[in-house]
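So this one's run27.cif, mmCIF, C-alpha atoms; chains and numbers go by the auth columns:
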data_input
#
loop_
_atom_site.group_PDB
_atom_site.id
_atom_site.type_symbol
_atom_site.label_atom_id
_atom_site.label_comp_id
_atom_site.label_asym_id
_atom_site.label_seq_id
_atom_site.Cartn_x
_atom_site.Cartn_y
_atom_site.Cartn_z
_atom_site.B_iso_or_equiv
_atom_site.auth_seq_id
_atom_site.auth_asym_id
ATOM 1 C CA LEU A 1 3.664 7.747 -27.615 0.00 170 A
ATOM 2 C CA ALA A 2 5.488 10.929 -28.498 0.00 171 A
ATOM 3 C CA ALA A 3 4.057 12.683 -25.440 0.00 172 A
ATOM 4 C CA THR A 4 4.522 9.914 -22.888 0.00 173 A
ATOM 5 C CA GLY A 5 7.159 7.564 -24.313 0.00 174 A
ATOM 6 C CA ALA A 6 10.925 7.898 -24.586 0.00 175 A
ATOM 7 C CA TRP A 7 10.586 11.048 -26.707 0.00 176 A
ATOM 8 C CA GLY A 8 8.421 12.657 -24.038 0.00 177 A
ATOM 9 C CA ARG A 9 11.412 13.068 -21.764 0.00 178 A
ATOM 10 C CA ARG A 10 13.416 14.820 -24.456 0.00 179 A
ATOM 11 C CA LEU A 11 10.761 17.130 -25.905 0.00 180 A
ATOM 12 C CA PRO A 12 9.839 20.409 -24.189 0.00 181 A
ATOM 13 C CA VAL A 13 6.541 20.457 -22.282 0.00 182 A
ATOM 14 C CA PRO A 14 3.934 22.838 -23.745 0.00 183 A
ATOM 15 C CA HIS A 15 3.176 25.736 -21.417 0.00 184 A
ATOM 16 C CA GLY A 16 -0.372 24.856 -20.344 0.00 185 A
ATOM 17 C CA LEU A 17 -0.150 21.052 -20.495 0.00 186 A
ATOM 18 C CA PRO A 18 0.264 20.316 -16.747 0.00 187 A
ATOM 19 C CA ARG A 19 -2.682 22.546 -15.841 0.00 188 A
ATOM 20 C CA THR A 20 -4.841 21.054 -18.619 0.00 189 A
ATOM 21 C CA VAL A 21 -4.075 17.498 -17.518 0.00 190 A
ATOM 22 C CA ALA A 22 -4.779 18.418 -13.892 0.00 191 A
ATOM 23 C CA TRP A 23 -8.180 19.910 -14.722 0.00 192 A
ATOM 24 C CA ALA A 24 -9.101 17.027 -17.038 0.00 193 A
ATOM 25 C CA GLY A 25 -8.291 14.553 -14.268 0.00 194 A
ATOM 26 C CA THR A 26 -10.280 16.579 -11.754 0.00 195 A
ATOM 27 C CA VAL A 27 -13.346 16.629 -14.015 0.00 196 A
ATOM 28 C CA ALA A 28 -13.007 12.890 -14.697 0.00 197 A
ATOM 29 C CA GLY A 29 -12.712 12.177 -10.974 0.00 198 A
ATOM 30 C CA ALA A 30 -15.794 14.243 -10.201 0.00 199 A
ATOM 31 C CA ALA A 31 -17.759 12.501 -12.948 0.00 200 A
ATOM 32 C CA LEU A 32 -16.748 9.098 -11.593 0.00 201 A
ATOM 33 C CA GLY A 33 -17.784 10.133 -8.093 0.00 202 A
ATOM 34 C CA VAL A 34 -21.212 11.252 -9.280 0.00 203 A
ATOM 35 C CA SER A 35 -21.659 8.076 -11.315 0.00 204 A
ATOM 36 C CA ALA A 36 -20.681 5.953 -8.316 0.00 205 A
ATOM 37 C CA VAL A 37 -23.401 7.599 -6.224 0.00 206 A
ATOM 38 C CA ALA A 38 -25.944 7.209 -9.035 0.00 207 A
ATOM 39 C CA LEU A 39 -25.047 3.547 -9.519 0.00 208 A
ATOM 40 C CA THR A 40 -25.287 2.900 -5.790 0.00 209 A
ATOM 41 C CA VAL A 41 -28.798 4.358 -5.722 0.00 210 A
ATOM 42 C CA ALA A 42 -29.705 2.413 -8.866 0.00 211 A
ATOM 43 C CA SER A 43 -28.454 -0.832 -7.357 0.00 212 A
ATOM 44 C CA ALA A 44 -30.876 -0.408 -4.468 0.00 213 A
ATOM 45 C CA LEU A 45 -33.748 -0.042 -6.919 0.00 214 A
ATOM 46 C CA ALA A 46 -32.678 -2.569 -9.553 0.00 215 A
ATOM 47 C CA ALA A 47 -34.042 -6.054 -9.979 0.00 216 A
ATOM 48 C CA ASN A 48 -30.536 -7.341 -10.704 0.00 217 A
ATOM 49 C CA TRP A 49 -28.923 -5.527 -7.777 0.00 218 A
ATOM 50 C CA PRO A 50 -25.751 -7.690 -7.464 0.00 219 A
ATOM 51 C CA LEU A 51 -24.633 -6.654 -10.950 0.00 220 A
ATOM 52 C CA ALA A 52 -25.471 -2.995 -10.330 0.00 221 A
ATOM 53 C CA ALA A 53 -23.664 -3.123 -6.977 0.00 222 A
ATOM 54 C CA LEU A 54 -20.575 -4.607 -8.665 0.00 223 A
ATOM 55 C CA ILE A 55 -20.612 -1.805 -11.227 0.00 224 A
ATOM 56 C CA ALA A 56 -20.949 0.753 -8.419 0.00 225 A
ATOM 57 C CA VAL A 57 -17.932 -0.741 -6.625 0.00 226 A
ATOM 58 C CA LEU A 58 -15.916 -0.577 -9.849 0.00 227 A
ATOM 59 C CA ALA A 59 -16.927 3.073 -10.295 0.00 228 A
ATOM 60 C CA VAL A 60 -15.803 3.871 -6.749 0.00 229 A
ATOM 61 C CA ALA A 61 -12.464 2.137 -7.340 0.00 230 A
ATOM 62 C CA SER A 62 -11.986 4.026 -10.613 0.00 231 A
ATOM 63 C CA HIS A 63 -12.851 7.290 -8.874 0.00 232 A
ATOM 64 C CA ALA A 64 -10.244 6.649 -6.183 0.00 233 A
ATOM 65 C CA LYS A 65 -7.548 5.921 -8.761 0.00 234 A
ATOM 66 C CA VAL A 66 -8.347 8.896 -11.003 0.00 235 A
ATOM 67 C CA ALA A 67 -8.752 11.276 -8.041 0.00 236 A
ATOM 68 C CA ALA A 68 -5.311 10.358 -6.723 0.00 237 A
ATOM 69 C CA SER A 69 -3.774 10.938 -10.153 0.00 238 A
ATOM 70 C CA ALA A 70 -5.588 14.263 -10.515 0.00 239 A
ATOM 71 C CA ARG A 71 -4.347 15.362 -7.093 0.00 240 A
ATOM 72 C CA ALA A 72 -0.764 14.548 -8.126 0.00 241 A
ATOM 73 C CA CYS A 73 -1.232 16.440 -11.419 0.00 242 A
ATOM 74 C CA ARG A 74 -2.562 19.499 -9.598 0.00 243 A
ATOM 75 C CA HIS A 75 0.475 19.384 -7.302 0.00 244 A
ATOM 76 C CA CYS A 76 2.812 19.251 -10.311 0.00 245 A
ATOM 77 C CA ALA A 77 0.938 22.075 -12.041 0.00 246 A
ATOM 78 C CA ARG A 78 1.421 24.280 -8.954 0.00 247 A
ATOM 79 C CA LEU A 79 5.178 23.591 -9.032 0.00 248 A
ATOM 80 C CA ALA A 80 5.516 24.662 -12.661 0.00 249 A
#
For this file, write the structure as structure tokens.
Amino acid sequence: LAATGAWGRRLPVPHGLPRTVAWAGTVAGAALGVSAVALTVASALAANWPLAALIAVLAVASHAKVAASARACRHCARLA
């Protein structure tokens, strides 16, 4: 809460924080992309493929959301 809440606007930003957040988001987005591909392949091979396909769709949606956030963080890190 101190980093993202009301105090976050008043406290100074540590020097490497924007770059660290950008790289963490990029790694998370890449991991979600790889897991989405793995889950899609697994759903084709699974006996309970509707459940595996649903999980793959959720992984793709999570990847899209995290990748967009990581892209915005990288843009902010370049401005700093």
I'd like to know which of A:Cys245, A:Ile224, A:Ala197, A:Ala239 is closest to Val210 of chain A, using all atoms listed in the file.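 Of A:Cys245, A:Ile224, A:Ala197, A:Ala239, the one nearest Val210 of chain A, counting all atoms listed in the file, is A:Ile224.
Applied to this file, the PyMOL selection byres ((chain A and resi 187) around 8) selects His184, Gly185, Leu186, Arg188, Thr189, Val190, Ala191, Cys242, Arg243, Cys245, Ala246 and Ala249 of chain A.
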Using Å and a single decimal, report how far atom CA of Ala205 of chain A sits from atom CA of Arg240 of chain A.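 So the two atoms, atom CA of Arg240 of chain A and atom CA of Ala205 of chain A, lie 18.9 Å apart.
Atom CA of Arg247 of chain A lies 20.4 Å from atom CA of Lys234 of chain A.
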Smallest atom-to-atom distance to Ala207 of chain A: which of A:Leu220, A:Leu180, A:Ala193, A:Val229, using all atoms listed in the file? A:Val229
If I take atom CA of Val203 of chain A and atom CA of His244 of chain A, how far is one from the other in Å, to one decimal? 23.2 Å
Hey, what comes out of the PyMOL selection byres ((chain A and resi 227) around 12) on this file? Could you write it as a ChimeraX atom specification? /A:201-202,204-206,208-209,220-226,228-234
